[in-house]
Each structure stands twice: as C-alpha cells, then as structure tokens.
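Below: one structure, written as structure tokens.
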Amino acid sequence: MKRTTESDSNYQSLEKMSIKELLTNINKEDKTVPLAIEKVIPKIEKLVNAIVKQMQQGGRLFYMGAGTSGRLGIVDASECPPTYGVPHGIVVGIIAGGDKAIRKAVEFAEDDMQQGWKDLQSHKINSKDVVIGIAASGSTPYVVGALEKCNQNNILTACIVCNKGSNVAKAAKHKIEVIVGPEFVTGSTRMKSGTAQKLVLNMISTSVMIKLGRVKGNKMVDMQLSNNKLVDRGTNMVMKELKVSYKKANELLLKHGSVRKAVEQYKK
C-alpha cells in the first residue's frame, strides 16, 4: 500500500531554494493542516464523547506511540496536571523504548508487537480506560499490537494517523485519519503529520478537561501554581472574580492553592 506520508514532496531541489523560499513554502504546506483536521471533526467529537464517559467512571486516558508520535503524546499528557489540576496518572503518555526514547531514538523499539501491551500492563490497564495509538504512518507494530490486545480485553481504542486504511486504524474502534498529504521534505512526518497530531491532541485533551469541569468560563481555575507567572495569573483571576485587591486575592490564592478553592472558600 502506497502511504501518503511517504509520497514525494510537491517541491523539488530544496537545497537550491533561498531561505525565504524555504520558509514560505513550509508555511504554505502548514496552512493545509487545519483544513485536513476540519474534515474529521465529527470523528473527533465521537471520540471525545466516549473518553468523557469513560473518565467520568474513573477511567484514564493513555497515548501510545513511537518517535515523534510518542513524544507528542507525552507532551500532551504531561501538560494536563499543571494546566487542569488533574492528578498525575489520569492522562498518560507512553513511548516505545521507554523514557530514554523521549530524548534519543531507541533502535527498533517500535517494531515489537508485544511490548506496547506489556507497557500498558505495567499501568494496570483496565476496561474503564481509553488507549489512543498515535502513528503518522499508521503501521507502527508497537501501536498495532497494543491496540489489538486492548480490543481483546474490552478496552476502548482509538488512533490518530495520517494515512488512509492503515493497520493502526484497522485495530482502532475510533479512527482519526488526518490526511495531510506529502511532506515538504519527503517522508519527514515530524512536519505536517506531527503538526496534525499535536493539534488533534490539543483538541481532545482540552475538550475532555472542559467537559470534566476543569474550566470555568474560559479560565483554568484548577491550574497548579508552579511558577510566579501562574501565581500572578491566578491572583488576577481571583481579584476579578471576587472584586478584591491584588494583595487580598494573592493571600487567598496562596492559602487555598487554586483559583477555584480560593473563590469557593471566600464566598462561603
């Protein structure tokens, strides 16, 4: 099967282009990514509904991938606790080859059909959980094997891929196939494919967290106060909500640990 992600670039003689031409053409290709995602919003909607339902019953969300895809899942998962105040371990990113693969490629880690399921078992995966396989090519054995095992064990499966009719998609109950076309540098799926995966992950996790009540109005009321910028942001949110001074808002925030708790306790 000919993979779109491996198709020849629409551009020739890249090394002969000026820097301006390179940047302009990369940007031109990048602009097509949101349009490709727009076509699959109904499928993303169905998946988000399913995830919310599972998580309301105590389930967790797992992302699985190799290389760039695995790293993107880890980035999205790692940002959920500080942004939305959810405990670590509620959204989990797993990469083929383990944590050392986050920084450095681990040879042939993605080719092991059994390892993905073993990695999930170390987290005591169960039927309340949701597993999303991320693979630009849609052919990663590590992901395929994990999804197939999940299906056998009544665990909800999904995927984010950039080719039609891939093995990963065949193994997933919810198929998010974002067809972004050939990459600017032939086969370099960290480019448009990676951008598509990042955008879809943002959409999924943000929508899920909002529906789980982790946003009020348009504010991150449960964010962790992990640096001065966030303490200042939180103080301004409390100040605006309660109509109190900056000093008073800051005291309340630091005492109660989150915008939500500061506001709730003050109003009691």
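Note on naming: chains are A, B, ... as they come in the structure tokens, residues start from 1 per chain, ligands start from 1 in the order shown.
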**Asked** Can you list every residue in range 124-250 of chain A that DSSP puts in strand (DSSP E), as a PyMOL selection string?
**Response** chain A and resi 130-135+156-161+174-177
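Of the listed residues A:Arg60, A:Leu72, A:Ser7, A:Val263, the one whose atoms come nearest to Val185 in chain A is A:Ser7, with distances taken using only C-alpha atoms.
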**Message:** Can you tell me which residues surround range 123-129 of chain A at a distance of at most 8 Å, considering only C-alpha atoms, apart from same-chain residues fewer than 6 positions away, and format the answer as JSON, numbers by chain?
**Reply:** {"A": [54, 55, 57, 58, 59, 60, 61, 62, 153, 154, 155, 156]}
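Among the candidates A:Gln56, A:Ser188, A:Thr24, A:Asn151, the one nearest to Ile132 in chain A when counting only C-alpha atoms is A:Asn151.
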**Item:** range 101-117 of chain A environment, 7 Å, only C-alpha atoms, sequence neighbours closer than 2 positions dropped, as a ChimeraX atom specification
**Value:** /A:66-67,71,95-99,119-121,140-146,149
Would you put the residues from that selection into a file with N, CA and C atoms, as a PDB file, in the first residue's frame?
ATOM      1  N   ALA A  66       5.489   5.841  18.897  1.00  0.00           N
ATOM      2  CA  ALA A  66       6.949   5.711  18.789  1.00  0.00           C
ATOM      3  C   ALA A  66       7.492   6.992  18.174  1.00  0.00           C
ATOM      4  N   GLY A  67       8.721   7.351  18.520  1.00  0.00           N
ATOM      5  CA  GLY A  67       9.366   8.529  17.936  1.00  0.00           C
ATOM      6  C   GLY A  67       8.586   9.806  18.183  1.00  0.00           C
ATOM      7  N   ARG A  71       6.426  11.119  21.478  1.00  0.00           N
ATOM      8  CA  ARG A  71       6.814  12.344  22.210  1.00  0.00           C
ATOM      9  C   ARG A  71       5.652  13.323  22.284  1.00  0.00           C
ATOM     10  N   ILE A  95       5.851   5.856  25.362  1.00  0.00           N
ATOM     11  CA  ILE A  95       6.635   5.856  24.124  1.00  0.00           C
ATOM     12  C   ILE A  95       7.407   4.546  23.989  1.00  0.00           C
ATOM     13  N   ALA A  96       7.451   4.028  22.776  1.00  0.00           N
ATOM     14  CA  ALA A  96       8.222   2.812  22.503  1.00  0.00           C
ATOM     15  C   ALA A  96       9.687   3.042  22.863  1.00  0.00           C
ATOM     16  N   GLY A  97      10.246   2.135  23.641  1.00  0.00           N
ATOM     17  CA  GLY A  97      11.635   2.288  24.068  1.00  0.00           C
ATOM     18  C   GLY A  97      11.784   2.909  25.438  1.00  0.00           C
ATOM     19  N   GLY A  98      10.638   3.309  26.054  1.00  0.00           N
ATOM     20  CA  GLY A  98      10.683   3.868  27.402  1.00  0.00           C
ATOM     21  C   GLY A  98      11.129   5.316  27.433  1.00  0.00           C
ATOM     22  N   ASP A  99      11.265   5.856  28.634  1.00  0.00           N
ATOM     23  CA  ASP A  99      11.531   7.279  28.811  1.00  0.00           C
ATOM     24  C   ASP A  99      12.810   7.766  28.120  1.00  0.00           C
ATOM     25  N   ASP A 119       3.802  -2.660  28.251  1.00  0.00           N
ATOM     26  CA  ASP A 119       3.921  -1.330  28.843  1.00  0.00           C
ATOM     27  C   ASP A 119       2.595  -0.880  29.457  1.00  0.00           C
ATOM     28  N   LEU A 120       1.493  -1.189  28.798  1.00  0.00           N
ATOM     29  CA  LEU A 120       0.171  -0.838  29.340  1.00  0.00           C
ATOM     30  C   LEU A 120      -0.131  -1.632  30.614  1.00  0.00           C
ATOM     31  N   GLN A 121       0.260  -2.885  30.627  1.00  0.00           N
ATOM     32  CA  GLN A 121       0.008  -3.725  31.807  1.00  0.00           C
ATOM     33  C   GLN A 121       0.734  -3.198  33.039  1.00  0.00           C
ATOM     34  N   THR A 140       2.960   1.341  12.724  1.00  0.00           N
ATOM     35  CA  THR A 140       3.868   1.031  13.836  1.00  0.00           C
ATOM     36  C   THR A 140       3.446  -0.238  14.578  1.00  0.00           C
ATOM     37  N   PRO A 141       4.239  -1.325  14.518  1.00  0.00           N
ATOM     38  CA  PRO A 141       3.859  -2.579  15.178  1.00  0.00           C
ATOM     39  C   PRO A 141       3.625  -2.438  16.683  1.00  0.00           C
ATOM     40  N   TYR A 142       4.434  -1.626  17.342  1.00  0.00           N
ATOM     41  CA  TYR A 142       4.290  -1.370  18.788  1.00  0.00           C
ATOM     42  C   TYR A 142       2.866  -0.916  19.115  1.00  0.00           C
ATOM     43  N   VAL A 143       2.325  -0.049  18.276  1.00  0.00           N
ATOM     44  CA  VAL A 143       0.982   0.503  18.490  1.00  0.00           C
ATOM     45  C   VAL A 143      -0.088  -0.497  18.059  1.00  0.00           C
ATOM     46  N   VAL A 144       0.113  -1.113  16.904  1.00  0.00           N
ATOM     47  CA  VAL A 144      -0.862  -2.100  16.400  1.00  0.00           C
ATOM     48  C   VAL A 144      -1.081  -3.218  17.427  1.00  0.00           C
ATOM     49  N   GLY A 145       0.015  -3.770  17.916  1.00  0.00           N
ATOM     50  CA  GLY A 145      -0.071  -4.874  18.878  1.00  0.00           C
ATOM     51  C   GLY A 145      -0.798  -4.474  20.147  1.00  0.00           C
ATOM     52  N   ALA A 146      -0.513  -3.281  20.636  1.00  0.00           N
ATOM     53  CA  ALA A 146      -1.158  -2.792  21.863  1.00  0.00           C
ATOM     54  C   ALA A 146      -2.661  -2.619  21.663  1.00  0.00           C
ATOM     55  N   LYS A 149      -4.525  -6.008  21.469  1.00  0.00           N
ATOM     56  CA  LYS A 149      -4.654  -6.597  22.801  1.00  0.00           C
ATOM     57  C   LYS A 149      -5.718  -5.868  23.624  1.00  0.00           C
TER      58      LYS A 149
END
**Request:** Do a neighbour search on range 165-177 of chain A at 6 Å with only C-alpha atoms, toss out local chain neighbours closer than 5 positions, and write the hits as a PyMOL selection string.
**Result:** chain A and resi 138-139+144+147-148+157-160
Please write the residues from the selection above to a file, keeping N, CA and C atoms, as a PDB file, in the first residue's frame.
ATOM      1  N   GLY A 138       0.770   4.986  10.484  1.00  0.00           N
ATOM      2  CA  GLY A 138      -0.330   4.050  10.750  1.00  0.00           C
ATOM      3  C   GLY A 138       0.115   2.603  10.687  1.00  0.00           C
ATOM      4  N   SER A 139       1.433   2.373  10.689  1.00  0.00           N
ATOM      5  CA  SER A 139       1.928   0.998  10.524  1.00  0.00           C
ATOM      6  C   SER A 139       2.759   0.507  11.719  1.00  0.00           C
ATOM      7  N   VAL A 144       0.113  -1.113  16.904  1.00  0.00           N
ATOM      8  CA  VAL A 144      -0.862  -2.100  16.400  1.00  0.00           C
ATOM      9  C   VAL A 144      -1.081  -3.218  17.427  1.00  0.00           C
ATOM     10  N   LEU A 147      -3.059  -2.023  20.542  1.00  0.00           N
ATOM     11  CA  LEU A 147      -4.482  -1.799  20.285  1.00  0.00           C
ATOM     12  C   LEU A 147      -5.240  -3.118  20.119  1.00  0.00           C
ATOM     13  N   GLU A 148      -4.626  -4.059  19.429  1.00  0.00           N
ATOM     14  CA  GLU A 148      -5.281  -5.365  19.243  1.00  0.00           C
ATOM     15  C   GLU A 148      -5.518  -6.062  20.583  1.00  0.00           C
ATOM     16  N   THR A 157     -10.458   1.676  22.232  1.00  0.00           N
ATOM     17  CA  THR A 157      -9.276   2.038  21.445  1.00  0.00           C
ATOM     18  C   THR A 157      -9.585   3.128  20.420  1.00  0.00           C
ATOM     19  N   ALA A 158      -8.558   3.919  20.117  1.00  0.00           N
ATOM     20  CA  ALA A 158      -8.672   4.962  19.098  1.00  0.00           C
ATOM     21  C   ALA A 158      -7.299   5.164  18.475  1.00  0.00           C
ATOM     22  N   CYS A 159      -7.256   5.959  17.409  1.00  0.00           N
ATOM     23  CA  CYS A 159      -5.952   6.258  16.798  1.00  0.00           C
ATOM     24  C   CYS A 159      -5.959   7.637  16.162  1.00  0.00           C
ATOM     25  N   ILE A 160      -4.761   8.183  16.027  1.00  0.00           N
ATOM     26  CA  ILE A 160      -4.538   9.397  15.236  1.00  0.00           C
ATOM     27  C   ILE A 160      -3.455   9.042  14.229  1.00  0.00           C
TER      28      ILE A 160
END
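As for CA of Lys243 in chain A and CA of Leu230 in chain A, they are spaced 19.2 Å apart.
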**Those of range 27-202 of chain A in DSSP helix (DSSP H, G or I), formatted as a PyMOL selection string** = chain A and resi 27-30+33-38+41-56+67-84+99-102+109-111+115-121+141-152+167-171+192-202
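Candidate residues A:Arg214, A:Thr68, A:Ala77, A:Phe184 were compared for distance to Ala135 in chain A, and the nearest is A:Thr68, using only C-alpha atoms.
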**Fill in**
Expressed in Å, the length from CA of Met220 in chain A to CA of Ala50 in chain A is 23.0 Å
**Message:** Need the shell around range 245-256 of chain A: protein/DNA/RNA residues with any atom at most 7 Å away, counting only C-alpha atoms. Skip same-chain ones fewer than 6 positions apart. Format as a list of chain:residue names?
**Reply:** A:Thr235, A:Asn236, A:Val238, A:Met239, A:Ala262
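Nearest to Cys162 in chain A of all the residues A:Val231, A:Ile74, A:Val40, A:Leu212 is A:Val40, based on only C-alpha atoms.
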**Fill in**
For Val259 in chain A, the closest of A:Asp76, A:Asp232, A:Asp222, A:Glu241 counting only C-alpha atoms is A:Asp222
